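Chemist: Quick one: this structure, given as structure tokens, is what I'll be asking you about.
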Amino acid sequence: RIHPVLRIPPDQPVSFVPDRVSAETYVRGATHKSFDRVASQLTEAARGCGQAVGVDVSVERRSGYQPLATDPDLHAIAGEVAGELGIGFEEEEFSAASTDVGDISQRVPSIIIGLPGTNARFHHPDFSVIDEHLAYEFPASYLSVYLQRVLAKTDARG
């Protein structure tokens with residue numbers, strides 16, 4: 001996934017061609033390889049566009065969040081607990097989430113658990129709680145059972 005944002009000076013009239021603009025683009029990928037491929041393609045596209053219209057283009061690449069590496073054992077436990085507590089469980093092979101959990105997951109087993117009770121429109125003005133019990137009370141019950149199960153499995157491994 002790519003998420004571009006074009007920035008022009010705040011006092012720039014829309015009827016004039018600006019002297020300077022910047023484009024900031026997030027690139028998200030499931031693997032480092034896919035990230036590098038898409039980031040390189042974007043860099044070449046920016047340079048090609050600049051050359052086509054006769055302007056200079058400079059590119060600065062910065063590291064962002066690492067890809068999320070979901071732990072299959074933790075994920076399996078999450079699904080088991082969801083089934084036992086009577087809620088649906090959707091397993092996604094890939095998540096485009098951009099979060100520091102991706103960084104953490106490169107070092108220790110990790111997952112992201114999304115729980116019910118909202119309309120799931122995260123980062124959107126229309127986000128709302130649609131079931132207060134599922135949004136506020138149920139997560140404590142779910143996480144309690146989940147963490148007990150994780151600890152029991154960890155203790156069993158020694």
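For the structure tokens, the naming scheme is as follows: chains receive sequential letters (A, B, ...) according to their order of presentation, residues are indexed from 1 within each chain, and ligands are indexed from 1 in presentation order.
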Would you pick out the contacts of Pro139 in chain A at 9 Å or less, using only C-alpha atoms, so that residues sharing its chain but fewer than 5 positions from it are not included, and give the list as a VMD selection string?
Modeler: chain A and resid 115 to 116 133 to 134 144
Chemist: Quick one: everything within 12 Å of range 64-73 of chain A, counting only C-alpha atoms, minus sequence neighbours fewer than 4 positions away in the same chain. Send it as JSON, numbers by chain.
Modeler: {"A": [1, 25, 26, 27, 28, 29, 30, 31, 32, 33, 34, 35, 36, 39, 77, 78, 79, 80, 91, 92, 93, 94, 95, 96, 97, 98, 99, 100, 101, 102, 103, 104, 105, 106, 107, 108, 109, 110, 111, 112, 113, 146, 149, 150, 153, 154]}
Chemist: Please report, as a PyMOL selection string, each residue of chain A to which DSSP assigns strand (DSSP E or B) when run on this structure's backbone.
Modeler: chain A and resi 2-7+22-27+70+110+118+129
Chemist: Would you mind exporting N, CA and C atoms of the selected residues as a PDB file, in the first residue's frame?
Modeler:
ATOM      1  N   ILE A   2       0.408   2.238  -0.675  1.00  0.00           N
ATOM      2  CA  ILE A   2       1.078   3.533  -0.629  1.00  0.00           C
ATOM      3  C   ILE A   2       0.055   4.582  -0.219  1.00  0.00           C
ATOM      4  N   HIS A   3       0.522   5.585   0.507  1.00  0.00           N
ATOM      5  CA  HIS A   3      -0.342   6.648   1.028  1.00  0.00           C
ATOM      6  C   HIS A   3       0.352   7.991   0.800  1.00  0.00           C
ATOM      7  N   PRO A   4       0.150   8.607  -0.364  1.00  0.00           N
ATOM      8  CA  PRO A   4       0.840   9.878  -0.638  1.00  0.00           C
ATOM      9  C   PRO A   4       0.085  11.097  -0.119  1.00  0.00           C
ATOM     10  N   VAL A   5       0.855  12.113   0.254  1.00  0.00           N
ATOM     11  CA  VAL A   5       0.303  13.410   0.643  1.00  0.00           C
ATOM     12  C   VAL A   5       1.153  14.471  -0.054  1.00  0.00           C
ATOM     13  N   LEU A   6       0.517  15.339  -0.828  1.00  0.00           N
ATOM     14  CA  LEU A   6       1.207  16.426  -1.512  1.00  0.00           C
ATOM     15  C   LEU A   6       1.122  17.670  -0.642  1.00  0.00           C
ATOM     16  N   ARG A   7       2.251  18.300  -0.435  1.00  0.00           N
ATOM     17  CA  ARG A   7       2.282  19.506   0.403  1.00  0.00           C
ATOM     18  C   ARG A   7       2.792  20.690  -0.423  1.00  0.00           C
ATOM     19  N   SER A  22       6.341  19.337  -1.967  1.00  0.00           N
ATOM     20  CA  SER A  22       6.917  18.086  -1.464  1.00  0.00           C
ATOM     21  C   SER A  22       5.793  17.050  -1.398  1.00  0.00           C
ATOM     22  N   ALA A  23       6.177  15.845  -1.620  1.00  0.00           N
ATOM     23  CA  ALA A  23       5.237  14.732  -1.506  1.00  0.00           C
ATOM     24  C   ALA A  23       5.796  13.783  -0.464  1.00  0.00           C
ATOM     25  N   GLU A  24       4.960  13.468   0.488  1.00  0.00           N
ATOM     26  CA  GLU A  24       5.355  12.517   1.531  1.00  0.00           C
ATOM     27  C   GLU A  24       4.503  11.278   1.313  1.00  0.00           C
ATOM     28  N   THR A  25       5.150  10.128   1.255  1.00  0.00           N
ATOM     29  CA  THR A  25       4.430   8.900   0.932  1.00  0.00           C
ATOM     30  C   THR A  25       4.829   7.785   1.879  1.00  0.00           C
ATOM     31  N   TYR A  26       3.840   7.192   2.507  1.00  0.00           N
ATOM     32  CA  TYR A  26       4.068   5.981   3.287  1.00  0.00           C
ATOM     33  C   TYR A  26       4.028   4.801   2.327  1.00  0.00           C
ATOM     34  N   VAL A  27       4.943   3.892   2.501  1.00  0.00           N
ATOM     35  CA  VAL A  27       4.895   2.625   1.784  1.00  0.00           C
ATOM     36  C   VAL A  27       4.771   1.546   2.845  1.00  0.00           C
ATOM     37  N   THR A  70       3.292 -11.736  12.400  1.00  0.00           N
ATOM     38  CA  THR A  70       2.363 -12.321  13.363  1.00  0.00           C
ATOM     39  C   THR A  70       2.832 -13.701  13.793  1.00  0.00           C
ATOM     40  N   SER A 110       4.494 -11.716  18.548  1.00  0.00           N
ATOM     41  CA  SER A 110       3.508 -10.643  18.670  1.00  0.00           C
ATOM     42  C   SER A 110       2.295 -10.919  17.801  1.00  0.00           C
ATOM     43  N   THR A 118     -17.317  -1.918  18.120  1.00  0.00           N
ATOM     44  CA  THR A 118     -17.297  -0.654  17.382  1.00  0.00           C
ATOM     45  C   THR A 118     -17.748  -0.919  15.950  1.00  0.00           C
ATOM     46  N   VAL A 129     -18.701   3.641  18.983  1.00  0.00           N
ATOM     47  CA  VAL A 129     -18.987   2.437  19.754  1.00  0.00           C
ATOM     48  C   VAL A 129     -20.434   2.067  19.460  1.00  0.00           C
TER      49      VAL A 129
END
